[in-house]
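Here's the structure, in structure tokens; my notes come after.
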Amino acid sequence: GNGAGQRVGKFVPFTDNGTIANSCIFNSADSPVLSRTPSGTGTSKKTFTISAWIKNGRLINSASDHSRTIYGVNHGSGSRYAIFGLYSGGSGNVNKLRLFLGRYTSGSSTTYVDWYTNRTLEDTSKWYHVMAAVDTTNSTADDRIKMYIDGERITSFASSSNPSLNDEFYFGSEYANYISTYNGSYGEYDGYIAELNFVDGTALTPDTFGVTDTSTGRWIPKALTGITYGTNGFRLQFGSSSA
């Protein structure tokens with residue numbers, strides 16, 4: 001015949017994507033810290049995005065060893081800080097994605113909102129894309145905080161409490177920023193961190209940072225374009241020690 005209607009195999013369209021060339025390894029036993037203190041307050045303490053690719057090393061292994069911080073900002077005790085990272089939930093060796101947000105204040109203590117997932121991130125052989133988008137100017141309370149793992153919005157939480165309209169937090173503020181700890185000396189991350197982004201003033205969606213590979217169904221990185229980082233925002237590509 002003429003071959004009409006015949007095919008061999010399965011055609012899968014090509015997925016355009018970006019490659020992350022570098023990462024930074026953090027060994028928690030060495031108390032690793034990267035730090036920076038902004039020169040002043042940022043574009044917004046109400047609206048921001050945090051995005052990172054992580055590959056876990058040593059997991060949380062007890063209730064007392066309860067935190068693995070990816071990115072934190074610290075003004076002091078009394079909940080005057082912010083944390084994005086992994087958390088045990090105070091219940092032993094589980095690794096949940098957490099966003100802790102102390103409400104911004106000039107006082108000596110503050111109230112907070114604390115979100116952490118029921119889902120755990122236990123696989124030390126794979127990269128995860130973890131992300132949080134906050135916008136307390138949103139009139140819909142349930143959409144003021146959004147958390148994602150590998151492009152999928154998380155809807156099942158062990159702890160969650162919606163912030164009030166126009167709440168301000170420490171991310172984007174003038175206080176010390178830390179990678180791998182929230183205060184310079186506690187809750188160090190263990191493993192690899194790559195392509196860490198903090199976007200000051202905009203709540204973005206996962207498709208800014210990743211895309212589903214049509215050939216495998218996996219969430220993979222994409223080339224980053226068109227991001228406005230704001231006053232205190234940053235992008236860490238770990239291309240060299242000076243960067």
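Residues are referred to by chain and number: the chain letter is A, B, ... according to the order shown in the structure tokens, the number counts from 1 in that chain, and ligands are numbered separately from 1 in the order shown.
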Need the shell around Leu86 in chain A: protein/DNA/RNA residues with any atom at most 10 Å away, counting only C-alpha atoms. Skip same-chain ones fewer than 3 positions apart. Format as a PyMOL selection string?
chain A and resi 56+59-60+66-70+83+89+94-99+116-117+120-121+187+189
Could you give me, as a PyMOL selection string, the residues within 6 Å of range 198-207 of chain A, counting only C-alpha atoms and dropping anything in the same chain fewer than 6 positions from it?
chain A and resi 43-44+47-50+133-134+151+172+229-230+232-234
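With only C-alpha atoms as the basis for measurement, A:Lys46 is the residue among A:Lys46, A:Gln237, A:Arg58, A:Asn74 that approaches Arg144 in chain A most closely.
One distance worth recording is that between CA of Pro38 in chain A and CA of Ala132 in chain A, which is 21.0 Å.
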Please, which residues of range 28-138 of chain A, numbered as in this document, come out strand (DSSP E) from DSSP, as a count of residues only?
55
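Closest to Phe169 in chain A among A:Thr37, A:Ser125, A:Thr136, A:Ser240 is A:Thr136, based on only C-alpha atoms.
Taking CA of Thr140 in chain A as the reference point, CA of Phe100 in chain A is found at 19.9 Å.
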May I have all residues of range 67-209 of chain A that DSSP, computed from the backbone, assigns to helix (DSSP H, G or I), given as a ChimeraX atom specification?
/A:141-143,206-208
Do you know which residues are at most 7 Å from Ser173 in chain A counting only C-alpha atoms, after dropping those on the same chain fewer than 4 positions away, and could you put them as a compact mmCIF listing (two decimals) with N, CA and C atoms, in the first residue's frame?
```
# COMPACT_ATOMS: atom_id res chain seq x y z
N THR A 41 14.46 49.55 53.18
CA THR A 41 13.27 48.73 52.95
C THR A 41 13.05 48.55 51.46
N GLY A 42 12.36 47.47 51.11
CA GLY A 42 12.21 47.11 49.71
C GLY A 42 10.99 47.69 49.04
N LYS A 45 6.53 44.82 51.39
CA LYS A 45 6.54 43.77 52.40
C LYS A 45 5.21 43.01 52.39
```
Across A:Thr110, A:Ser35, A:Thr228, A:Asn197, the smallest distance to Tyr170 in chain A, with only C-alpha atoms counted, is shown by A:Thr110
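Omitting Gly239 in chain A and its sequence neighbours fewer than 5 positions away, and counting only C-alpha atoms, the residues within 8 Å are Ala21, Asn22 and Ser23 of chain A.
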Expected file contents, prior selection, all heavy atoms, as an mmCIF file, in the first residue's frame:
```cif
data_model
loop_
_atom_site.group_PDB
_atom_site.id
_atom_site.type_symbol
_atom_site.label_atom_id
_atom_site.label_comp_id
_atom_site.auth_asym_id
_atom_site.auth_seq_id
_atom_site.Cartn_x
_atom_site.Cartn_y
_atom_site.Cartn_z
ATOM 1 N N ALA A 21 23.065 25.598 35.303
ATOM 2 C CA ALA A 21 24.435 25.105 35.189
ATOM 3 C C ALA A 21 25.105 24.895 36.535
ATOM 4 O O ALA A 21 26.000 24.061 36.663
ATOM 5 C CB ALA A 21 25.264 26.081 34.351
ATOM 6 N N ASN A 22 24.704 25.674 37.543
ATOM 7 C CA ASN A 22 25.434 25.653 38.805
ATOM 8 C C ASN A 22 24.490 25.582 39.999
ATOM 9 O O ASN A 22 23.339 26.018 39.934
ATOM 10 C CB ASN A 22 26.282 26.921 38.940
ATOM 11 C CG ASN A 22 27.308 27.055 37.846
ATOM 12 O OD1 ASN A 22 28.300 26.338 37.825
ATOM 13 N ND2 ASN A 22 27.056 27.968 36.920
ATOM 14 N N SER A 23 25.024 25.049 41.083
ATOM 15 C CA SER A 23 24.313 25.047 42.360
ATOM 16 C C SER A 23 25.344 25.270 43.453
ATOM 17 O O SER A 23 26.547 25.313 43.197
ATOM 18 C CB SER A 23 23.581 23.720 42.577
ATOM 19 O OG SER A 23 24.503 22.644 42.654
#
```
